[in-house]
Amino acid sequence: APRHHCDDGLVRAHGAVTQAVIEAELARSQWEVQQLRGSQDNNNLSSALINSAVLRLRMFDIDGAYEDLQEAAAAQPGWDSRLELLTRYSAQLKGPRHADFMGQELSSSSSALLAEIRQVFLANQYQVETILMGSKASSMSEFIFVESRADALEQGLLENVEEKNPMKENSGPKIPVDLVDLVRIFLLHRVLPLARLCQLFGPECTKLLLRLRAISAIAGNECRLVEPEEACTAVDANSFSCGAFFAMSNVAIWPVEEDLLVATDFEKTFSDSTLEPVMYISEDSLALL
């Protein structure tokens, strides 16, 4: 379905027809869901809801797709192999589109906490040279369209943080252990336990990231988005478990020069009438900095 209007008549007509076809398929799918809601056939209800969510994603209806997937997970968790991938994907798309995303005014104490967060990155050598060496990437461009490369980049990182072996001379970590998880969540867009972020940044810094919606807490295999207040309460209650919540980042953190960090949207964050994503740091952008 088209996101933008086009002056070319042929392209515009093709977009309109495509949108009409998807809308018709979605209407049929929603009718099927309504029929199945009155039955006890949770397997087929879950499958129909997933089909509906896929069509909504094609229409860029992120909220609708997310709700369908949450219902599908509740109806029959784990039955359809598409469910795990799509619930995480829809949560990653929905998180940065919240109206309050990065909109909070910063107090002096919040600014001090942001400085602490920056220091955690720098203390763990969150720099281009170290990240490239650890991940075995040829350039930072490999982290832009990261979905197809994430497994290989992550494996490279893990291979470079082997525990020290007293039987091998000069063995030991080549990169800081904490750097791996920083790259995993802020560049590879992986999901980590919220408690792990508390270990990295401390509870107060983690709560600030949650309130800013720079990160989002998620619950369960269905990847239910948890409101910042609920997540912060869990951190306060026990920062070692954090309510068993997981966390994902809504911003990509790019290392630029030795001590400069730049936050951007992830590549998958698409534009619409209310949101214009901040571009990732590409090679030509680096040349201008």
# chains A, B, ... in the order shown; residues from 1 in each chain; ligands from 1
>>> select_by_dssp(residues="range 181-280 of chain A", states="alpha helix (DSSP H)", output="VMD selection string")
chain A and resid 181 to 186 194 to 201 203 to 212 228 to 237
>>> residues_around(residues="Ile144 in chain A", least_positions_apart="2", cutoff="7 Å", atoms="only C-alpha atoms", output="list in words")
Ser141, Glu142, Val146, Glu267 and Tyr280 of chain A
>>> write_last_selection(atoms="all heavy atoms", output="PDB file, in the first residue's frame")
ATOM      1  N   SER A 141      28.538   0.238   8.137  1.00  0.00           N
ATOM      2  CA  SER A 141      27.373   0.128   7.254  1.00  0.00           C
ATOM      3  C   SER A 141      26.667  -1.216   7.422  1.00  0.00           C
ATOM      4  O   SER A 141      25.474  -1.330   7.125  1.00  0.00           O
ATOM      5  CB  SER A 141      27.797   0.305   5.791  1.00  0.00           C
ATOM      6  OG  SER A 141      28.265   1.613   5.563  1.00  0.00           O
ATOM      7  N   GLU A 142      27.388  -2.224   7.878  1.00  0.00           N
ATOM      8  CA  GLU A 142      26.765  -3.534   8.084  1.00  0.00           C
ATOM      9  C   GLU A 142      25.740  -3.507   9.199  1.00  0.00           C
ATOM     10  O   GLU A 142      24.922  -4.416   9.329  1.00  0.00           O
ATOM     11  CB  GLU A 142      27.837  -4.584   8.369  1.00  0.00           C
ATOM     12  CG  GLU A 142      28.761  -4.864   7.197  1.00  0.00           C
ATOM     13  CD  GLU A 142      29.652  -6.082   7.423  1.00  0.00           C
ATOM     14  OE1 GLU A 142      29.173  -7.056   8.057  1.00  0.00           O
ATOM     15  OE2 GLU A 142      30.813  -6.061   6.981  1.00  0.00           O
ATOM     16  N   VAL A 146      20.395  -4.297   9.448  1.00  0.00           N
ATOM     17  CA  VAL A 146      21.061  -5.260  10.314  1.00  0.00           C
ATOM     18  C   VAL A 146      20.340  -6.601  10.397  1.00  0.00           C
ATOM     19  O   VAL A 146      20.933  -7.602  10.812  1.00  0.00           O
ATOM     20  CB  VAL A 146      21.245  -4.654  11.726  1.00  0.00           C
ATOM     21  CG1 VAL A 146      19.915  -4.650  12.484  1.00  0.00           C
ATOM     22  CG2 VAL A 146      22.324  -5.353  12.505  1.00  0.00           C
ATOM     23  N   GLU A 267      16.693   1.517  11.143  1.00  0.00           N
ATOM     24  CA  GLU A 267      16.344   1.563   9.716  1.00  0.00           C
ATOM     25  C   GLU A 267      14.891   1.188   9.475  1.00  0.00           C
ATOM     26  O   GLU A 267      14.232   1.724   8.589  1.00  0.00           O
ATOM     27  CB  GLU A 267      17.281   0.618   8.943  1.00  0.00           C
ATOM     28  CG  GLU A 267      16.951   0.461   7.472  1.00  0.00           C
ATOM     29  CD  GLU A 267      15.964  -0.657   7.193  1.00  0.00           C
ATOM     30  OE1 GLU A 267      15.933  -1.637   7.971  1.00  0.00           O
ATOM     31  OE2 GLU A 267      15.199  -0.531   6.228  1.00  0.00           O
ATOM     32  N   TYR A 280      19.903   6.820   9.899  1.00  0.00           N
ATOM     33  CA  TYR A 280      21.077   6.141  10.434  1.00  0.00           C
ATOM     34  C   TYR A 280      22.345   6.845   9.943  1.00  0.00           C
ATOM     35  O   TYR A 280      22.314   7.651   9.016  1.00  0.00           O
ATOM     36  CB  TYR A 280      21.085   4.680   9.984  1.00  0.00           C
ATOM     37  CG  TYR A 280      20.784   4.492   8.502  1.00  0.00           C
ATOM     38  CD1 TYR A 280      21.757   4.701   7.531  1.00  0.00           C
ATOM     39  CD2 TYR A 280      19.509   4.127   8.081  1.00  0.00           C
ATOM     40  CE1 TYR A 280      21.482   4.550   6.190  1.00  0.00           C
ATOM     41  CE2 TYR A 280      19.215   3.972   6.727  1.00  0.00           C
ATOM     42  CZ  TYR A 280      20.214   4.178   5.795  1.00  0.00           C
ATOM     43  OH  TYR A 280      19.931   4.038   4.457  1.00  0.00           O
TER      44      TYR A 280
END
>>> residues_around(residues="range 48-64 of chain A", least_positions_apart="6", cutoff="7 Å", atoms="only C-alpha atoms", output="ChimeraX atom specification")
/A:1,22,26,29-30,32-33,72,90,93-94
>>> closest_atom_pairs(of="range 16-128 of chain A", to="range 243-249 of chain A", cutoff="9 Å", atoms="only C-alpha atoms", output="tab-separated table")
residue	atom	partner	partner_atom	distance
A:Ala91	CA	A:Met248	CA	9.0
A:Gln92	CA	A:Met248	CA	7.5
A:Gly95	CA	A:Ser249	CA	8.6
A:Pro96	CA	A:Ser249	CA	8.8
>>> closest_residue(among="A:Glu222, A:Glu23, A:Asp8, A:Glu154", to="Ala73 in chain A", atoms="only C-alpha atoms")
A:Glu222
>>> residues_around(residues="Gln125 in chain A", least_positions_apart="3", cutoff="10 Å", atoms="only C-alpha atoms", output="list in words")
Gln119, Val120, Phe121, Leu122, Val128, Glu129, Thr130, Ile131, Ile175, Pro176, Asp178, Leu179, Pro255, Glu258 and Asp259 of chain A
>>> closest_residue(among="A:Glu116, A:Gln76, A:Trp31, A:Ser135", to="Leu208 in chain A", atoms="only C-alpha atoms")
A:Glu116
>>> residues_around(residues="Trp79 in chain A", least_positions_apart="6", cutoff="9 Å", atoms="only C-alpha atoms", output="ChimeraX atom specification")
/A:43,46-47,73
>>> residues_around(residues="Thr233 in chain A", least_positions_apart="2", cutoff="12 Å", atoms="only C-alpha atoms", output="list in words")
Pro203, Glu204, Thr206, Lys207, Leu210, Arg211, Ala217, Val226, Glu227, Pro228, Glu229, Glu230, Ala231, Val235, Asp236, Ala237, Asn238, Ser239, Ser241, Cys242, Gly243 and Phe245 of chain A
>>> write_last_selection(atoms="all heavy atoms", output="compact mmCIF listing (two decimals), in the first residue's frame")
# COMPACT_ATOMS: atom_id res chain seq x y z
N PRO A 203 20.11 1.09 38.25
CA PRO A 203 18.65 1.24 38.25
C PRO A 203 18.17 2.64 37.87
O PRO A 203 17.21 2.78 37.11
CB PRO A 203 18.26 0.89 39.70
CG PRO A 203 19.37 0.01 40.18
CD PRO A 203 20.61 0.53 39.53
N GLU A 204 18.81 3.69 38.39
CA GLU A 204 18.31 5.04 38.13
C GLU A 204 18.45 5.42 36.66
O GLU A 204 17.55 6.02 36.07
CB GLU A 204 19.04 6.05 39.02
CG GLU A 204 18.75 5.89 40.51
CD GLU A 204 17.26 5.95 40.80
OE1 GLU A 204 16.58 6.83 40.24
OE2 GLU A 204 16.78 5.11 41.59
N THR A 206 18.60 3.32 34.17
CA THR A 206 17.67 2.47 33.42
C THR A 206 16.26 3.03 33.47
O THR A 206 15.54 3.06 32.46
CB THR A 206 17.69 1.03 33.97
OG1 THR A 206 19.02 0.51 33.87
CG2 THR A 206 16.74 0.13 33.20
N LYS A 207 15.85 3.51 34.65
CA LYS A 207 14.51 4.10 34.77
C LYS A 207 14.38 5.36 33.92
O LYS A 207 13.32 5.62 33.34
CB LYS A 207 14.20 4.39 36.24
CG LYS A 207 13.96 3.14 37.08
CD LYS A 207 13.39 3.46 38.44
CE LYS A 207 14.36 4.21 39.32
NZ LYS A 207 13.80 4.49 40.67
N LEU A 210 13.77 4.28 30.43
CA LEU A 210 12.38 3.82 30.30
C LEU A 210 11.41 4.99 30.22
O LEU A 210 10.51 5.00 29.38
CB LEU A 210 12.02 2.93 31.49
CG LEU A 210 12.64 1.53 31.51
CD1 LEU A 210 12.48 0.89 32.90
CD2 LEU A 210 11.99 0.63 30.45
N ARG A 211 11.59 6.00 31.08
CA ARG A 211 10.68 7.15 31.08
C ARG A 211 10.80 7.94 29.78
O ARG A 211 9.80 8.48 29.29
CB ARG A 211 10.96 8.04 32.28
CG ARG A 211 10.53 7.43 33.62
CD ARG A 211 10.52 8.47 34.73
NE ARG A 211 11.86 8.99 34.98
CZ ARG A 211 12.69 8.49 35.89
NH1 ARG A 211 12.33 7.44 36.62
NH2 ARG A 211 13.88 9.03 36.08
N ALA A 217 10.24 -1.74 27.95
CA ALA A 217 10.15 -3.05 28.59
C ALA A 217 9.08 -3.86 27.88
O ALA A 217 8.05 -3.32 27.46
CB ALA A 217 9.83 -2.91 30.07
N VAL A 226 5.27 -2.87 27.89
CA VAL A 226 4.99 -2.51 29.28
C VAL A 226 5.16 -1.00 29.43
O VAL A 226 6.15 -0.42 28.98
CB VAL A 226 5.95 -3.25 30.24
CG1 VAL A 226 5.69 -2.85 31.68
CG2 VAL A 226 5.82 -4.75 30.05
N GLU A 227 4.19 -0.37 30.06
CA GLU A 227 4.27 1.07 30.27
C GLU A 227 5.46 1.41 31.18
O GLU A 227 5.81 0.64 32.07
CB GLU A 227 2.99 1.61 30.89
CG GLU A 227 1.82 1.69 29.91
CD GLU A 227 2.13 2.64 28.76
OE1 GLU A 227 2.52 3.80 29.03
OE2 GLU A 227 1.98 2.21 27.61
N PRO A 228 6.11 2.57 30.96
CA PRO A 228 7.28 2.92 31.77
C PRO A 228 7.03 2.88 33.27
O PRO A 228 7.90 2.46 34.04
CB PRO A 228 7.61 4.35 31.29
CG PRO A 228 7.12 4.39 29.89
CD PRO A 228 5.87 3.55 29.88
N GLU A 229 5.83 3.33 33.72
CA GLU A 229 5.55 3.34 35.15
C GLU A 229 5.59 1.93 35.73
O GLU A 229 6.15 1.70 36.81
CB GLU A 229 4.18 3.97 35.41
CG GLU A 229 4.07 5.44 35.05
CD GLU A 229 3.92 5.67 33.55
OE1 GLU A 229 3.69 4.68 32.81
OE2 GLU A 229 4.05 6.83 33.12
N GLU A 230 5.00 0.98 35.01
CA GLU A 230 5.00 -0.41 35.48
C GLU A 230 6.42 -0.98 35.50
O GLU A 230 6.82 -1.68 36.44
CB GLU A 230 4.09 -1.26 34.58
CG GLU A 230 4.00 -2.72 35.01
CD GLU A 230 3.16 -3.56 34.08
OE1 GLU A 230 2.54 -3.01 33.14
OE2 GLU A 230 3.13 -4.79 34.27
N ALA A 231 7.18 -0.68 34.45
CA ALA A 231 8.55 -1.18 34.38
C ALA A 231 9.43 -0.57 35.47
O ALA A 231 10.24 -1.26 36.10
CB ALA A 231 9.14 -0.90 33.00
N VAL A 235 11.58 -2.30 38.55
CA VAL A 235 13.00 -2.04 38.83
C VAL A 235 13.19 -1.65 40.29
O VAL A 235 14.11 -2.12 40.97
CB VAL A 235 13.54 -0.93 37.90
CG1 VAL A 235 14.95 -0.51 38.33
CG2 VAL A 235 13.56 -1.41 36.45
N ASP A 236 12.30 -0.80 40.80
CA ASP A 236 12.39 -0.39 42.20
C ASP A 236 12.19 -1.58 43.14
O ASP A 236 12.84 -1.67 44.20
CB ASP A 236 11.35 0.68 42.51
CG ASP A 236 11.74 2.05 41.96
OD1 ASP A 236 12.95 2.30 41.82
OD2 ASP A 236 10.83 2.85 41.66
N ALA A 237 11.29 -2.47 42.76
CA ALA A 237 10.98 -3.61 43.62
C ALA A 237 12.15 -4.57 43.71
O ALA A 237 12.47 -5.08 44.80
CB ALA A 237 9.74 -4.35 43.10
N ASN A 238 12.82 -4.82 42.60
CA ASN A 238 13.96 -5.74 42.60
C ASN A 238 14.74 -5.53 41.30
O ASN A 238 14.33 -6.02 40.25
CB ASN A 238 13.50 -7.18 42.71
CG ASN A 238 14.66 -8.15 42.92
OD1 ASN A 238 15.79 -7.87 42.54
ND2 ASN A 238 14.38 -9.29 43.53
N SER A 239 15.85 -4.84 41.38
CA SER A 239 16.63 -4.54 40.18
C SER A 239 17.39 -5.75 39.66
O SER A 239 17.98 -5.69 38.57
CB SER A 239 17.62 -3.40 40.46
OG SER A 239 18.57 -3.79 41.45
N SER A 241 15.81 -8.72 39.21
CA SER A 241 14.86 -9.51 38.42
C SER A 241 13.99 -8.63 37.52
O SER A 241 13.59 -9.05 36.44
CB SER A 241 13.96 -10.35 39.32
OG SER A 241 13.14 -9.52 40.15
N CYS A 242 13.68 -7.42 38.00
CA CYS A 242 12.89 -6.45 37.22
C CYS A 242 11.59 -7.05 36.69
O CYS A 242 11.20 -6.82 35.54
CB CYS A 242 13.72 -5.90 36.05
SG CYS A 242 15.18 -4.98 36.57
N GLY A 243 10.94 -7.84 37.53
CA GLY A 243 9.65 -8.41 37.13
C GLY A 243 9.73 -9.39 36.00
O GLY A 243 8.72 -9.68 35.35
N PHE A 245 10.86 -8.86 33.21
CA PHE A 245 10.66 -8.16 31.95
C PHE A 245 11.92 -8.22 31.09
O PHE A 245 13.04 -8.34 31.61
CB PHE A 245 10.30 -6.68 32.19
CG PHE A 245 8.95 -6.48 32.82
CD1 PHE A 245 8.75 -5.43 33.71
CD2 PHE A 245 7.88 -7.31 32.53
CE1 PHE A 245 7.51 -5.23 34.30
CE2 PHE A 245 6.64 -7.12 33.11
CZ PHE A 245 6.46 -6.08 34.01
